[in-house]
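Shown here: work.pdb, PDB, C-alpha atoms and all ligand atoms.
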ATOM      1  CA  MET A   1     -48.672 -47.362 -16.391  1.00  0.00           C
ATOM      2  CA  THR A   2     -45.340 -48.585 -15.042  1.00  0.00           C
ATOM      3  CA  LYS A   3     -43.752 -47.543 -18.324  1.00  0.00           C
ATOM      4  CA  THR A   4     -45.138 -44.047 -17.968  1.00  0.00           C
ATOM      5  CA  THR A   5     -43.900 -43.793 -14.405  1.00  0.00           C
ATOM      6  CA  TYR A   6     -40.473 -44.921 -15.556  1.00  0.00           C
ATOM      7  CA  GLY A   7     -40.481 -42.309 -18.316  1.00  0.00           C
ATOM      8  CA  LEU A   8     -41.517 -39.649 -15.839  1.00  0.00           C
ATOM      9  CA  GLY A   9     -38.763 -40.755 -13.506  1.00  0.00           C
ATOM     10  CA  ARG A  10     -36.204 -40.372 -16.266  1.00  0.00           C
ATOM     11  CA  LEU A  11     -37.572 -36.949 -17.048  1.00  0.00           C
ATOM     12  CA  MET A  12     -37.365 -35.879 -13.407  1.00  0.00           C
ATOM     13  CA  LEU A  13     -33.837 -37.203 -13.224  1.00  0.00           C
ATOM     14  CA  GLY A  14     -32.974 -35.218 -16.319  1.00  0.00           C
ATOM     15  CA  ILE A  15     -34.431 -32.053 -14.855  1.00  0.00           C
ATOM     16  CA  SER A  16     -32.643 -32.475 -11.547  1.00  0.00           C
ATOM     17  CA  THR A  17     -29.377 -33.106 -13.392  1.00  0.00           C
ATOM     18  CA  ILE A  18     -29.809 -29.811 -15.217  1.00  0.00           C
ATOM     19  CA  ALA A  19     -30.803 -28.039 -12.012  1.00  0.00           C
ATOM     20  CA  PHE A  20     -27.750 -29.467 -10.283  1.00  0.00           C
ATOM     21  CA  ALA A  21     -25.488 -28.395 -13.120  1.00  0.00           C
ATOM     22  CA  LEU A  22     -26.883 -24.876 -12.848  1.00  0.00           C
ATOM     23  CA  LEU A  23     -26.424 -24.828  -9.077  1.00  0.00           C
ATOM     24  CA  ALA A  24     -22.917 -26.235  -9.339  1.00  0.00           C
ATOM     25  CA  ASN A  25     -22.133 -23.352 -11.657  1.00  0.00           C
ATOM     26  CA  THR A  26     -22.952 -20.666  -9.097  1.00  0.00           C
ATOM     27  CA  PRO A  27     -19.828 -20.988  -6.905  1.00  0.00           C
ATOM     28  CA  ALA A  28     -17.657 -20.458  -9.997  1.00  0.00           C
ATOM     29  CA  ARG A  29     -19.053 -16.930 -10.260  1.00  0.00           C
ATOM     30  CA  ALA A  30     -18.540 -16.282  -6.579  1.00  0.00           C
ATOM     31  CA  GLN A  31     -14.884 -17.246  -7.016  1.00  0.00           C
ATOM     32  CA  GLU A  32     -14.391 -14.384  -9.428  1.00  0.00           C
ATOM     33  CA  THR A  33     -11.598 -12.332  -7.904  1.00  0.00           C
ATOM     34  CA  GLY A  34     -10.236  -8.856  -8.420  1.00  0.00           C
ATOM     35  CA  GLU A  35      -7.266 -10.520 -10.042  1.00  0.00           C
ATOM     36  CA  SER A  36      -9.308 -12.524 -12.557  1.00  0.00           C
ATOM     37  CA  LEU A  37     -11.410  -9.460 -13.384  1.00  0.00           C
ATOM     38  CA  PHE A  38      -8.325  -7.326 -13.819  1.00  0.00           C
ATOM     39  CA  LYS A  39      -6.583  -9.867 -16.040  1.00  0.00           C
ATOM     40  CA  GLY A  40      -9.730 -10.274 -18.112  1.00  0.00           C
ATOM     41  CA  LYS A  41     -10.804  -6.660 -18.519  1.00  0.00           C
ATOM     42  CA  CYS A  42      -7.994  -4.287 -17.652  1.00  0.00           C
ATOM     43  CA  ALA A  43      -4.686  -6.020 -18.371  1.00  0.00           C
ATOM     44  CA  MET A  44      -4.737  -5.275 -22.115  1.00  0.00           C
ATOM     45  CA  CYS A  45      -4.123  -1.637 -21.245  1.00  0.00           C
ATOM     46  CA  HIS A  46      -2.769  -1.681 -17.702  1.00  0.00           C
ATOM     47  CA  GLY A  47      -0.630  -4.800 -18.053  1.00  0.00           C
ATOM     48  CA  PRO A  48      -1.136  -8.025 -16.059  1.00  0.00           C
ATOM     49  CA  ASP A  49       0.654  -6.458 -13.078  1.00  0.00           C
ATOM     50  CA  GLY A  50      -0.969  -3.016 -13.410  1.00  0.00           C
ATOM     51  CA  ALA A  51       2.318  -1.288 -14.285  1.00  0.00           C
ATOM     52  CA  GLY A  52       0.932  -0.159 -17.646  1.00  0.00           C
ATOM     53  CA  LYS A  53       3.938  -1.400 -19.597  1.00  0.00           C
ATOM     54  CA  THR A  54       1.873  -2.471 -22.598  1.00  0.00           C
ATOM     55  CA  MET A  55       1.724  -1.079 -26.126  1.00  0.00           C
ATOM     56  CA  MET A  56      -1.585   0.575 -25.257  1.00  0.00           C
ATOM     57  CA  GLY A  57      -0.078   1.723 -21.984  1.00  0.00           C
ATOM     58  CA  GLU A  58       2.799   3.507 -23.679  1.00  0.00           C
ATOM     59  CA  LYS A  59       0.507   5.036 -26.263  1.00  0.00           C
ATOM     60  CA  LEU A  60      -2.129   6.249 -23.824  1.00  0.00           C
ATOM     61  CA  LYS A  61       0.383   7.197 -21.097  1.00  0.00           C
ATOM     62  CA  ILE A  62      -1.312   4.948 -18.600  1.00  0.00           C
ATOM     63  CA  PRO A  63      -0.172   5.559 -15.039  1.00  0.00           C
ATOM     64  CA  ASP A  64       1.471   2.741 -13.099  1.00  0.00           C
ATOM     65  CA  LEU A  65      -1.240   1.607 -10.682  1.00  0.00           C
ATOM     66  CA  HIS A  66       1.476   0.990  -8.049  1.00  0.00           C
ATOM     67  CA  SER A  67       2.476   4.659  -8.189  1.00  0.00           C
ATOM     68  CA  ALA A  68       1.834   7.086  -5.350  1.00  0.00           C
ATOM     69  CA  ASP A  69      -0.226   9.228  -7.735  1.00  0.00           C
ATOM     70  CA  VAL A  70      -2.782   6.463  -8.116  1.00  0.00           C
ATOM     71  CA  GLN A  71      -2.503   5.025  -4.611  1.00  0.00           C
ATOM     72  CA  LYS A  72      -3.126   8.397  -2.964  1.00  0.00           C
ATOM     73  CA  LEU A  73      -6.615   8.413  -4.489  1.00  0.00           C
ATOM     74  CA  THR A  74      -9.405   7.336  -2.164  1.00  0.00           C
ATOM     75  CA  ASP A  75     -11.394   4.135  -2.784  1.00  0.00           C
ATOM     76  CA  GLY A  76     -14.268   6.379  -3.864  1.00  0.00           C
ATOM     77  CA  GLU A  77     -12.103   8.138  -6.440  1.00  0.00           C
ATOM     78  CA  LEU A  78     -10.818   4.832  -7.801  1.00  0.00           C
ATOM     79  CA  LYS A  79     -14.369   3.502  -8.041  1.00  0.00           C
ATOM     80  CA  THR A  80     -15.481   6.623  -9.900  1.00  0.00           C
ATOM     81  CA  ALA A  81     -12.532   6.367 -12.299  1.00  0.00           C
ATOM     82  CA  ILE A  82     -13.467   2.744 -13.085  1.00  0.00           C
ATOM     83  CA  ALA A  83     -17.231   3.321 -13.262  1.00  0.00           C
ATOM     84  CA  LYS A  84     -17.243   6.621 -15.144  1.00  0.00           C
ATOM     85  CA  GLY A  85     -13.941   6.367 -16.970  1.00  0.00           C
ATOM     86  CA  LYS A  86     -11.367   9.129 -17.142  1.00  0.00           C
ATOM     87  CA  ASP A  87      -9.960  10.700 -20.276  1.00  0.00           C
ATOM     88  CA  LYS A  88      -8.948   7.651 -22.394  1.00  0.00           C
ATOM     89  CA  MET A  89      -9.831   5.213 -19.677  1.00  0.00           C
ATOM     90  CA  PRO A  90     -13.165   3.587 -20.669  1.00  0.00           C
ATOM     91  CA  ALA A  91     -16.193   3.662 -18.342  1.00  0.00           C
ATOM     92  CA  TYR A  92     -17.165   0.308 -16.856  1.00  0.00           C
ATOM     93  CA  GLU A  93     -20.382   1.059 -15.001  1.00  0.00           C
ATOM     94  CA  ALA A  94     -22.480  -0.644 -17.685  1.00  0.00           C
ATOM     95  CA  LYS A  95     -20.239  -3.728 -17.792  1.00  0.00           C
ATOM     96  CA  LEU A  96     -19.323  -4.330 -14.162  1.00  0.00           C
ATOM     97  CA  SER A  97     -21.427  -4.585 -11.023  1.00  0.00           C
ATOM     98  CA  LYS A  98     -20.689  -2.535  -7.912  1.00  0.00           C
ATOM     99  CA  GLU A  99     -19.289  -5.695  -6.286  1.00  0.00           C
ATOM    100  CA  GLN A 100     -16.959  -6.296  -9.222  1.00  0.00           C
ATOM    101  CA  ILE A 101     -15.686  -2.717  -9.063  1.00  0.00           C
ATOM    102  CA  ASP A 102     -15.136  -3.111  -5.297  1.00  0.00           C
ATOM    103  CA  LYS A 103     -13.043  -6.222  -5.991  1.00  0.00           C
ATOM    104  CA  LEU A 104     -10.995  -4.338  -8.556  1.00  0.00           C
ATOM    105  CA  VAL A 105     -10.303  -1.497  -6.129  1.00  0.00           C
ATOM    106  CA  ALA A 106      -9.168  -4.045  -3.529  1.00  0.00           C
ATOM    107  CA  TYR A 107      -6.937  -5.642  -6.156  1.00  0.00           C
ATOM    108  CA  ILE A 108      -5.372  -2.269  -7.046  1.00  0.00           C
ATOM    109  CA  ARG A 109      -4.618  -1.776  -3.328  1.00  0.00           C
ATOM    110  CA  ASP A 110      -3.063  -5.260  -3.188  1.00  0.00           C
ATOM    111  CA  LEU A 111      -0.848  -4.448  -6.158  1.00  0.00           C
ATOM    112  CA  ALA A 112       0.754  -1.592  -4.257  1.00  0.00           C
ATOM    113  CA  LYS A 113       1.801  -3.979  -1.481  1.00  0.00           C
ATOM    114  CA  LYS A 114       3.749  -6.177  -3.882  1.00  0.00           C
TER     115      LYS A 114
HETATM  116  C1  LIG B   1      -8.442   1.126 -23.278  1.00  0.00           C
HETATM  117  C2  LIG B   1      -7.401   0.991 -22.278  1.00  0.00           C
HETATM  118  C3  LIG B   1      -7.829   0.866 -20.807  1.00  0.00           C
HETATM  119  C4  LIG B   1      -8.551  -0.161 -20.238  1.00  0.00           C
HETATM  120  C5  LIG B   1      -9.139  -1.395 -20.907  1.00  0.00           C
HETATM  121  C6  LIG B   1      -8.604   0.138 -18.815  1.00  0.00           C
HETATM  122  N1  LIG B   1      -7.975   1.321 -18.545  1.00  0.00           N
HETATM  123 FE1  LIG B   1      -7.719   2.166 -16.724  1.00  0.00          FE
HETATM  124  N2  LIG B   1      -6.774   3.751 -17.556  1.00  0.00           N
HETATM  125  C7  LIG B   1      -6.536   3.907 -18.909  1.00  0.00           C
HETATM  126  C8  LIG B   1      -5.935   5.220 -19.133  1.00  0.00           C
HETATM  127  C9  LIG B   1      -5.526   5.788 -20.489  1.00  0.00           C
HETATM  128  C10 LIG B   1      -5.805   5.826 -17.868  1.00  0.00           C
HETATM  129  C11 LIG B   1      -5.258   7.221 -17.553  1.00  0.00           C
HETATM  130  C12 LIG B   1      -6.417   8.186 -17.493  1.00  0.00           C
HETATM  131  C13 LIG B   1      -5.924   9.571 -17.206  1.00  0.00           C
HETATM  132  O1  LIG B   1      -5.577  10.247 -18.170  1.00  0.00           O
HETATM  133  O2  LIG B   1      -5.895   9.941 -16.032  1.00  0.00           O
HETATM  134  C14 LIG B   1      -6.331   4.875 -16.910  1.00  0.00           C
HETATM  135  C15 LIG B   1      -6.372   5.102 -15.544  1.00  0.00           C
HETATM  136  C16 LIG B   1      -6.838   4.198 -14.612  1.00  0.00           C
HETATM  137  C17 LIG B   1      -6.818   4.419 -13.185  1.00  0.00           C
HETATM  138  C18 LIG B   1      -6.241   5.632 -12.477  1.00  0.00           C
HETATM  139  C19 LIG B   1      -7.302   6.683 -12.412  1.00  0.00           C
HETATM  140  C20 LIG B   1      -6.753   7.967 -11.924  1.00  0.00           C
HETATM  141  O3  LIG B   1      -7.585   8.763 -11.479  1.00  0.00           O
HETATM  142  O4  LIG B   1      -5.534   8.213 -11.992  1.00  0.00           O
HETATM  143  C21 LIG B   1      -7.367   3.312 -12.604  1.00  0.00           C
HETATM  144  C22 LIG B   1      -7.575   3.063 -11.118  1.00  0.00           C
HETATM  145  C23 LIG B   1      -7.744   2.413 -13.666  1.00  0.00           C
HETATM  146  N3  LIG B   1      -7.414   2.984 -14.868  1.00  0.00           N
HETATM  147  C24 LIG B   1      -8.344   1.190 -13.473  1.00  0.00           C
HETATM  148  C25 LIG B   1      -8.763   0.365 -14.512  1.00  0.00           C
HETATM  149  C26 LIG B   1      -9.485  -0.869 -14.296  1.00  0.00           C
HETATM  150  C27 LIG B   1      -9.837  -1.461 -12.944  1.00  0.00           C
HETATM  151  C28 LIG B   1      -9.761  -1.379 -15.533  1.00  0.00           C
HETATM  152  C29 LIG B   1     -10.527  -2.667 -15.876  1.00  0.00           C
HETATM  153  C30 LIG B   1     -11.899  -2.724 -15.408  1.00  0.00           C
HETATM  154  C31 LIG B   1      -9.193  -0.480 -16.516  1.00  0.00           C
HETATM  155  N4  LIG B   1      -8.610   0.568 -15.857  1.00  0.00           N
HETATM  156  C32 LIG B   1      -9.246  -0.670 -17.882  1.00  0.00           C
HETATM  157  C33 LIG B   1      -6.799   2.985 -19.901  1.00  0.00           C
HETATM  158  C34 LIG B   1      -7.496   1.803 -19.741  1.00  0.00           C
END
I'd like the structure from this file rewritten - as structure tokens, please.
Ligand code: HEC
Amino acid sequence: MTKTTYGLGRLMLGISTIAFALLANTPARAQETGESLFKGKCAMCHGPDGAGKTMMGEKLKIPDLHSADVQKLTDGELKTAIAKGKDKMPAYEAKLSKEQIDKLVAYIRDLAKK
């Protein structure tokens, strides 16, 4: 009887350790920033700083995201470009959530201030 209780205790401890590990993982996702998203998903074409000075950038004539041409677009237009794609720019609506796209738009605005 005591042995069983002990075993059960171990099991419960194991489960709570897993549950804790899962919970502890959640803030890592919340810390995802526009910058980390951009570096992970967009930098191979747009360059880490968004200037588009990459091999792909030259080839595809990617606009500098700091440029007035891009910055004059509204947040809505930027979101649509990211979600639906534009010409050779791939569509991201299936890969990114609305929140992630919002963060990317904010990051593109931040770039222009640098
Ligand atoms: C395969 C290369 C590639 C990747 C990856 C890529 N882009 Fe683009 N992007 C382009 C090209 C090419 C254009 C120019 C499209 C055009 O002809 O107007 C562009 C244009 C843009 C524009 C300007 C849109 C406009 O209306 O002028 C924004 C904003 C943008 N990309 C954001 C992003 C973001 C954010 C990501 C990551 C989620 C991303 N791009 C990933 C190739 C890429």
Go through chain A and flag each residue having an atom no more than 7 Å from ligand LIG 1 (chain B); for those, report the closest pair of atoms plus their distance in Å to one decimal, using all atoms listed in the file, ordered by chain and rising number, as CSV.
residue,atom,partner,partner_atom,distance
A:Phe38,CA,B:LIG1,C29,5.5
A:Lys41,CA,B:LIG1,C29,4.8
A:Cys42,CA,B:LIG1,C29,3.5
A:Ala43,CA,B:LIG1,C5,6.9
A:Met44,CA,B:LIG1,C5,6.0
A:Cys45,CA,B:LIG1,C2,4.3
A:His46,CA,B:LIG1,N1,6.1
A:Met56,CA,B:LIG1,C2,6.5
A:Gly57,CA,B:LIG1,C9,7.0
A:Leu60,CA,B:LIG1,C9,4.8
A:Lys61,CA,B:LIG1,C9,6.1
A:Ile62,CA,B:LIG1,C10,4.6
A:Pro63,CA,B:LIG1,C11,5.9
A:Leu65,CA,B:LIG1,C22,6.5
A:Asp69,CA,B:LIG1,O4,6.9
A:Val70,CA,B:LIG1,O4,5.1
A:Glu77,CA,B:LIG1,O3,6.8
A:Leu78,CA,B:LIG1,C22,5.0
A:Ala81,CA,B:LIG1,C19,5.2
A:Ile82,CA,B:LIG1,C24,5.4
A:Lys86,CA,B:LIG1,C12,5.1
A:Asp87,CA,B:LIG1,O1,4.9
A:Lys88,CA,B:LIG1,C9,4.3
A:Met89,CA,B:LIG1,C7,3.6
A:Pro90,CA,B:LIG1,C1,5.9
A:Tyr92,CA,B:LIG1,C30,6.2
A:Leu104,CA,B:LIG1,C27,5.4
A:Val105,CA,B:LIG1,C27,6.8
Separation of atom CA of Asp64 of chain A from atom CA of Ser97 of chain A, in Å and rounded to one decimal: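 Interatomic distance here is 24.1 Å.
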As JSON, what would the box around segment 59-77 of chain A look like: edges along x, y and z, 8 Å added on every side, centre and edge lengths in Å to one decimal?
{"center_x": -5.9, "center_y": 5.1, "center_z": -14.2, "size_x": 32.7, "size_y": 24.2, "size_z": 40.1}
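Across A:Ala106, A:Ala68, A:Ala112, A:Ile101, the tightest approach to Lys84 of chain A is made by A:Ile101 when counting only C-alpha atoms.
The smallest atom-to-atom distance between Ser36 of chain A and any of A:Thr74, A:Ala94, A:Lys114, A:Tyr107, using only C-alpha atoms, is found for A:Tyr107.
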Between atom CA of Glu58 of chain A and atom CA of Glu32 of chain A, distance in Å (one decimal):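 Between these atoms lies a distance of 28.6 Å.
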Coordinates-based distance that separates atom CA of Glu35 of chain A from atom CA of Lys103 of chain A (Å, one decimal):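 Computing it gives 8.3 Å between the two atoms.
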A:Gly47, A:Gly85, A:Gly40, A:Gly76 ranked by distance to Leu111 of chain A, top pick (using all atoms listed in the file):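 The closest residue to Leu111 of chain A is A:Gly47.
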